[in-house]
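As structure tokens, the structure follows; a few thoughts come after it.
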Amino acid sequence: MPSFRAQQLSVLTMNTFAFTACFAVWVMFSIIGIPIKELLTLSETQFGILIATPILTGSLARLPVGMLTDKYGGRIVYFLLMLATILPLWFISEATEYWQFLVLGLFVGIAGASFSVGIAYTARWFTKEKQGFAMGIFGAGNAGAALTKFVAPSLVVAYGWEMVPKVYAVAMFVTVVLYWMFTYEDPDHKVGSHVTIADQLKMLKDPNIWKYMQYYSLVFGGFVGLSLWMTKYYIAEYGFDLTTAALLAATFVLPSGIIRALGGWFSDKYGAYKVTWWVMWISWVCLFLMSYPQTEMVIKTTTGDVAVGIGLNVWVFTSLLFVVGIAWGFGKASVFKFLSDEYPDNIGVASGIVGLAGGMGGFLLPIMFGALIDFTGVNSVVFMLLYGATSVSLVWMHYTFAKDKQRQDAVIAKNHVMREYEQSHEDLESYAVAKAAVEQADIIEQFYNSYTSSREKAIVEAERMKRQREEGQLPSESLE
């Protein structure tokens with residue numbers, strides 16, 4: 001039997017390897033969808049639906065898969081999930097109709113649920129101090145999207161798009177075998193059987209989980225959405241061929257996946273809050289610049305007309321895209337550091353819920369991209385949409401994270417003042433009285449806030465009943 005340390009490293013390595021394979025499969029339509037679009041003469045919206053279909057099932061499956069991981073352990077759940085994708089993958093090469101691609105895409109899409117299994121399975125093998133870094137390494141499996149950008153275009157050019165799903169099916173079979181050989185399980189990692197699905201779903205009543213869902217729907221949903229769309233964007237906007245466009249798109253996908261491990265380390269060292277805040281501001285600035293469409297103007301001068309072109313050339317645009325990818329890579333790690341800190345006993349359910357929100361963002365964005373381009377005819381509208389979403393997120397973060405931070409700072413400041421008071425007064429009785437007074441003040445403040453809230457509700461209710469009485473809907477005695 002290998003040592004615990006060897007088992008830790010083996011599980012982390014195989015989880016990351018398997019997640020890379022699953023992610024490559026999950027975004028496969030971002031490449032083969034382009035020749036399929038030409039074959040079936042699809043509109044932009046239909047193309048968006050085609051590439052987003054696998055994202056839908058991968059997102060919806062994350063919550064139940066996370067629950068199954070808590071209950072039965074990550075090893076068996078991960079193994080069965082990957083096994084279930086092999087046959088649908090192979091049959092994609094035989095499809096000829098649009099609906100066939102959509103149906104098979106739904107089945108293949110469950111590969112995206114591997115994140116919920118792997119993140120929980122990985123986290124439970126490490127201590128709280130090292131979970132952020134370990135989960136960041138696992139999350140680097142997002143680079144599977146870059147693997148598809150490198151491998152799939154070459155296969156399409158050499159053998160046709162039909163060869164891609166066949167090669168991926170064989171690769172997935174090999175991954176399943178290796179995974180079962182080199183992973184381990186620990187019965188202590190399972191949640192007790194007395195914990196029901198209803199008990200685990202109670203987490204949705206926690207307002208903090210909704211905060212993390214919203215944030216992740218941007219940094220991960222945006223990552224998935226752009227991973228699916230960028231190859232086509234480079235072809236349509238800058239006129240590149242499929243291979244070159246996919247290579248340029250990889251400059252966004254690959255760093256964003258790999259840097260996630262460093263994002264986990266930064267979150268461990270500096271805190272998830274600081275990392276999150278800087279991620280959002282950097283994204284906001286870059287997306288603002290990228291959203292400006294290619295513009296041609298004619299200026300009337302005394303010597304004649306002067307044509308002026310305003311827009312980003314491909315190198316400036318790609319540089320900004322690279323920065324956004326790095327920022328979102330950090331962001332994907334920081335949000336799961338929040339989860340491992342706040343939900344250590346239910347990390348499977350928490351990651352499933354938040355992963356569902358992120359995946360749904362990845363499903364909806366490509367469809368919205370296609371619909372907006374069909375409507376406006378402007379390719380950069382995809383970045384206008386993401387810029388707007390980032391702006392909303394920044395405002396929401398200010399009124400959620402900032403308030404939590406203020407409360408934490410207030411507690412730290414109060415404790416600091418009390419320590420200073422204790423050190424400057426030798427009379428312990430005076431210190432005890434002062435400490436009791438501070439605690440009493442907190443209780444009084446809580447009572448006052450509760451009283452004020454209840455009084456406002458009572459006033460509203462009294463006004464409602466008064467209106468009903470005046471309208472004859474309520475006896476006058478009801479207010480006596």
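By convention here, the chains of the structure tokens are called A, B, ... in the order presented, each chain's residues are numbered starting at 1, and ligands are numbered starting at 1 in the order presented.
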Neighbour list for stretch 140-143 of chain A as a compact mmCIF listing (two decimals) with N, CA and C atoms, in the first residue's frame, cut-off 10 Å, only C-alpha atoms, skip fewer than 4 positions in-chain:
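Below is the file that was written, part-v1.txt:
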```
# COMPACT_ATOMS: atom_id res chain seq x y z
N ASN A 15 -6.61 13.11 -11.19
CA ASN A 15 -7.78 13.98 -11.26
C ASN A 15 -7.55 15.10 -12.29
N THR A 16 -6.36 15.69 -12.25
CA THR A 16 -6.04 16.78 -13.19
C THR A 16 -5.97 16.25 -14.62
N PHE A 17 -5.35 15.08 -14.80
CA PHE A 17 -5.26 14.47 -16.13
C PHE A 17 -6.65 14.16 -16.69
N ALA A 18 -7.50 13.57 -15.84
CA ALA A 18 -8.85 13.21 -16.29
C ALA A 18 -9.68 14.45 -16.59
N PHE A 19 -9.52 15.50 -15.77
CA PHE A 19 -10.28 16.72 -15.99
C PHE A 19 -9.84 17.40 -17.29
N THR A 20 -8.55 17.32 -17.60
CA THR A 20 -8.05 17.87 -18.87
C THR A 20 -8.71 17.16 -20.05
N ALA A 21 -8.79 15.83 -19.97
CA ALA A 21 -9.42 15.05 -21.04
C ALA A 21 -10.90 15.40 -21.16
N CYS A 22 -11.58 15.49 -20.02
CA CYS A 22 -13.02 15.80 -20.04
C CYS A 22 -13.29 17.19 -20.59
N PHE A 23 -12.44 18.15 -20.23
CA PHE A 23 -12.66 19.51 -20.71
C PHE A 23 -12.40 19.61 -22.21
N ALA A 24 -11.41 18.86 -22.70
CA ALA A 24 -11.14 18.85 -24.14
C ALA A 24 -12.37 18.33 -24.90
N PHE A 115 -15.97 18.36 -13.21
CA PHE A 115 -15.38 19.36 -12.32
C PHE A 115 -15.89 19.20 -10.89
N MET A 135 -6.50 22.60 -5.32
CA MET A 135 -7.65 22.79 -6.21
C MET A 135 -7.27 23.62 -7.43
N GLY A 136 -6.29 24.53 -7.26
CA GLY A 136 -5.82 25.30 -8.40
C GLY A 136 -5.11 24.42 -9.41
N LEU A 147 -5.95 22.16 -25.41
CA LEU A 147 -5.57 20.92 -26.08
C LEU A 147 -6.42 20.69 -27.33
N THR A 148 -7.72 20.97 -27.19
CA THR A 148 -8.61 20.86 -28.35
C THR A 148 -8.23 21.86 -29.43
N LYS A 149 -7.81 23.08 -29.03
CA LYS A 149 -7.42 24.08 -30.02
C LYS A 149 -6.18 23.65 -30.81
N PHE A 220 -15.96 31.87 -14.88
CA PHE A 220 -15.90 30.56 -15.54
C PHE A 220 -16.83 30.51 -16.74
N PHE A 223 -15.21 32.32 -19.45
CA PHE A 223 -14.10 31.53 -19.98
C PHE A 223 -14.60 30.46 -20.96
N VAL A 224 -15.64 29.73 -20.56
CA VAL A 224 -16.19 28.68 -21.42
C VAL A 224 -16.79 29.30 -22.69
N ALA A 250 -6.00 29.86 -28.52
CA ALA A 250 -5.32 29.13 -27.45
C ALA A 250 -4.52 30.05 -26.55
N PHE A 252 -5.60 32.58 -25.20
CA PHE A 252 -6.54 32.88 -24.12
C PHE A 252 -6.80 31.65 -23.26
N VAL A 253 -7.03 30.53 -23.89
CA VAL A 253 -7.48 29.34 -23.18
C VAL A 253 -6.37 28.71 -22.35
N LEU A 254 -5.19 28.53 -22.94
CA LEU A 254 -4.10 27.81 -22.25
C LEU A 254 -3.61 28.53 -21.00
N PRO A 255 -3.25 29.82 -21.07
CA PRO A 255 -2.78 30.49 -19.84
C PRO A 255 -3.86 30.54 -18.76
N SER A 256 -5.11 30.74 -19.17
CA SER A 256 -6.20 30.83 -18.19
C SER A 256 -6.36 29.53 -17.43
N GLY A 257 -6.12 28.39 -18.11
CA GLY A 257 -6.23 27.11 -17.43
C GLY A 257 -5.04 26.84 -16.53
N ILE A 258 -3.84 27.06 -17.05
CA ILE A 258 -2.62 26.73 -16.29
C ILE A 258 -2.43 27.65 -15.10
N ILE A 259 -2.74 28.95 -15.26
CA ILE A 259 -2.49 29.93 -14.21
C ILE A 259 -3.38 29.72 -13.00
N ARG A 260 -4.40 28.88 -13.15
CA ARG A 260 -5.33 28.66 -12.04
C ARG A 260 -4.60 28.13 -10.80
N ALA A 261 -3.56 27.32 -10.99
CA ALA A 261 -2.79 26.81 -9.84
C ALA A 261 -2.14 27.96 -9.08
N LEU A 262 -1.57 28.93 -9.82
CA LEU A 262 -0.97 30.09 -9.17
C LEU A 262 -2.04 30.93 -8.48
N GLY A 329 -8.37 33.16 -14.88
CA GLY A 329 -7.74 31.99 -14.28
C GLY A 329 -7.55 32.16 -12.78
N LYS A 332 -11.13 32.03 -11.11
CA LYS A 332 -11.71 30.69 -10.97
C LYS A 332 -11.15 29.99 -9.74
N ALA A 333 -9.90 30.26 -9.41
CA ALA A 333 -9.30 29.65 -8.22
C ALA A 333 -9.77 30.34 -6.95
```
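Residues within 8 Å of A:Asn379, counting only C-alpha atoms and excluding same-chain residues fewer than 5 positions away, are Tyr233, Ala236, Glu237, Pro293 and Ile373 of chain A.
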Using DSSP on the backbone coordinates, identify the residues of stretch 155-339 of chain A assigned to helix (DSSP H, G or I); present them as a ChimeraX atom specification.
/A:155-159,163-181,187-189,197-205,207-238,242-258,260-270,272-290,314-339
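Residues of stretch 247-403 of chain A assigned to strand (DSSP E or B) by DSSP on this structure's backbone: Thr295, Glu296, Met297, Val298, Ile299, Lys300, Thr301, Gly304, Asp305, Val306, Ala307, Val308, Gly309 and Ile310 of chain A.
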Residue neighbourhood A:Phe126, 12 Å, only C-alpha atoms, exclusion window fewer than 2 positions, as a VMD selection string
chain A and resid 4 to 5 7 to 9 11 to 12 119 to 124 128 to 135 189 340 344
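When only C-alpha atoms are used to measure the gap to A:Ala357, the shortest distance among A:Gly311, A:Gly222, A:Gly263, A:Gly325 belongs to A:Gly222.
Distance annotation: of A:Ala61, A:Phe173, A:Met67, A:Leu102, the residue with the minimal separation from A:Met82 is A:Phe173; atom set is only C-alpha atoms.
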Residues near A:Gly105, anyone? I mean within 12 Å using only C-alpha atoms, not counting same-chain ones fewer than 4 positions away, as a PyMOL selection string.
chain A and resi 25-30+32-33+49-58+85+87-93+95+98-101+109-112+165
Extract, using only C-alpha atoms, all DNA, RNA and protein residues at most 12 Å from A:Ala389, discarding same-chain residues fewer than 6 positions from it, and format them as a list in words.
Gln214, Tyr215, Tyr216, Ser217, Leu218, Val219, Gly221, Gly222, Met280, Ser283, Trp284, Leu287, Phe288, Gly361, Leu365, Val382, Phe383, Val395 and Trp396 of chain A
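Atom CA of A:Leu178 is positioned 14.8 Å from atom CA of A:Ile86.
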Env of A:Ala246: 9 Å cut, atoms = only C-alpha atoms, seq-sep filter 6 positions within chain, self excluded. Answer as a PyMOL selection string.
chain A and resi 31+146+148-150+153+230-232+234
Could you write out the selected residues, including N, CA and C atoms, as a PDB file, in the first residue's frame?
```pdb
ATOM      1  N   ILE A  31     -14.446  23.545 -32.340  1.00  0.00           N
ATOM      2  CA  ILE A  31     -13.651  23.342 -33.562  1.00  0.00           C
ATOM      3  C   ILE A  31     -14.462  22.620 -34.629  1.00  0.00           C
ATOM      4  N   ALA A 146      -7.491  24.231 -24.440  1.00  0.00           N
ATOM      5  CA  ALA A 146      -6.363  24.563 -25.312  1.00  0.00           C
ATOM      6  C   ALA A 146      -5.882  23.330 -26.073  1.00  0.00           C
ATOM      7  N   THR A 148      -7.719  20.972 -27.190  1.00  0.00           N
ATOM      8  CA  THR A 148      -8.614  20.861 -28.347  1.00  0.00           C
ATOM      9  C   THR A 148      -8.231  21.862 -29.432  1.00  0.00           C
ATOM     10  N   LYS A 149      -7.814  23.077 -29.031  1.00  0.00           N
ATOM     11  CA  LYS A 149      -7.416  24.085 -30.021  1.00  0.00           C
ATOM     12  C   LYS A 149      -6.177  23.647 -30.815  1.00  0.00           C
ATOM     13  N   PHE A 150      -5.295  22.890 -30.163  1.00  0.00           N
ATOM     14  CA  PHE A 150      -4.075  22.439 -30.840  1.00  0.00           C
ATOM     15  C   PHE A 150      -4.315  21.180 -31.684  1.00  0.00           C
ATOM     16  N   PRO A 153      -7.946  21.046 -34.798  1.00  0.00           N
ATOM     17  CA  PRO A 153      -7.799  21.634 -36.144  1.00  0.00           C
ATOM     18  C   PRO A 153      -6.898  20.810 -37.058  1.00  0.00           C
ATOM     19  N   MET A 230     -14.061  31.924 -29.652  1.00  0.00           N
ATOM     20  CA  MET A 230     -12.944  32.729 -30.148  1.00  0.00           C
ATOM     21  C   MET A 230     -12.363  32.253 -31.483  1.00  0.00           C
ATOM     22  N   THR A 231     -12.353  30.952 -31.725  1.00  0.00           N
ATOM     23  CA  THR A 231     -11.841  30.474 -33.017  1.00  0.00           C
ATOM     24  C   THR A 231     -12.659  31.069 -34.157  1.00  0.00           C
ATOM     25  N   LYS A 232     -13.963  31.001 -34.018  1.00  0.00           N
ATOM     26  CA  LYS A 232     -14.830  31.574 -35.042  1.00  0.00           C
ATOM     27  C   LYS A 232     -14.675  33.088 -35.111  1.00  0.00           C
ATOM     28  N   TYR A 234     -11.963  34.930 -34.590  1.00  0.00           N
ATOM     29  CA  TYR A 234     -10.757  35.277 -35.343  1.00  0.00           C
ATOM     30  C   TYR A 234     -10.962  35.057 -36.841  1.00  0.00           C
TER      31      TYR A 234
END
```
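Atom CA of A:Phe317 sits 10.6 Å away from atom CA of A:Tyr292.
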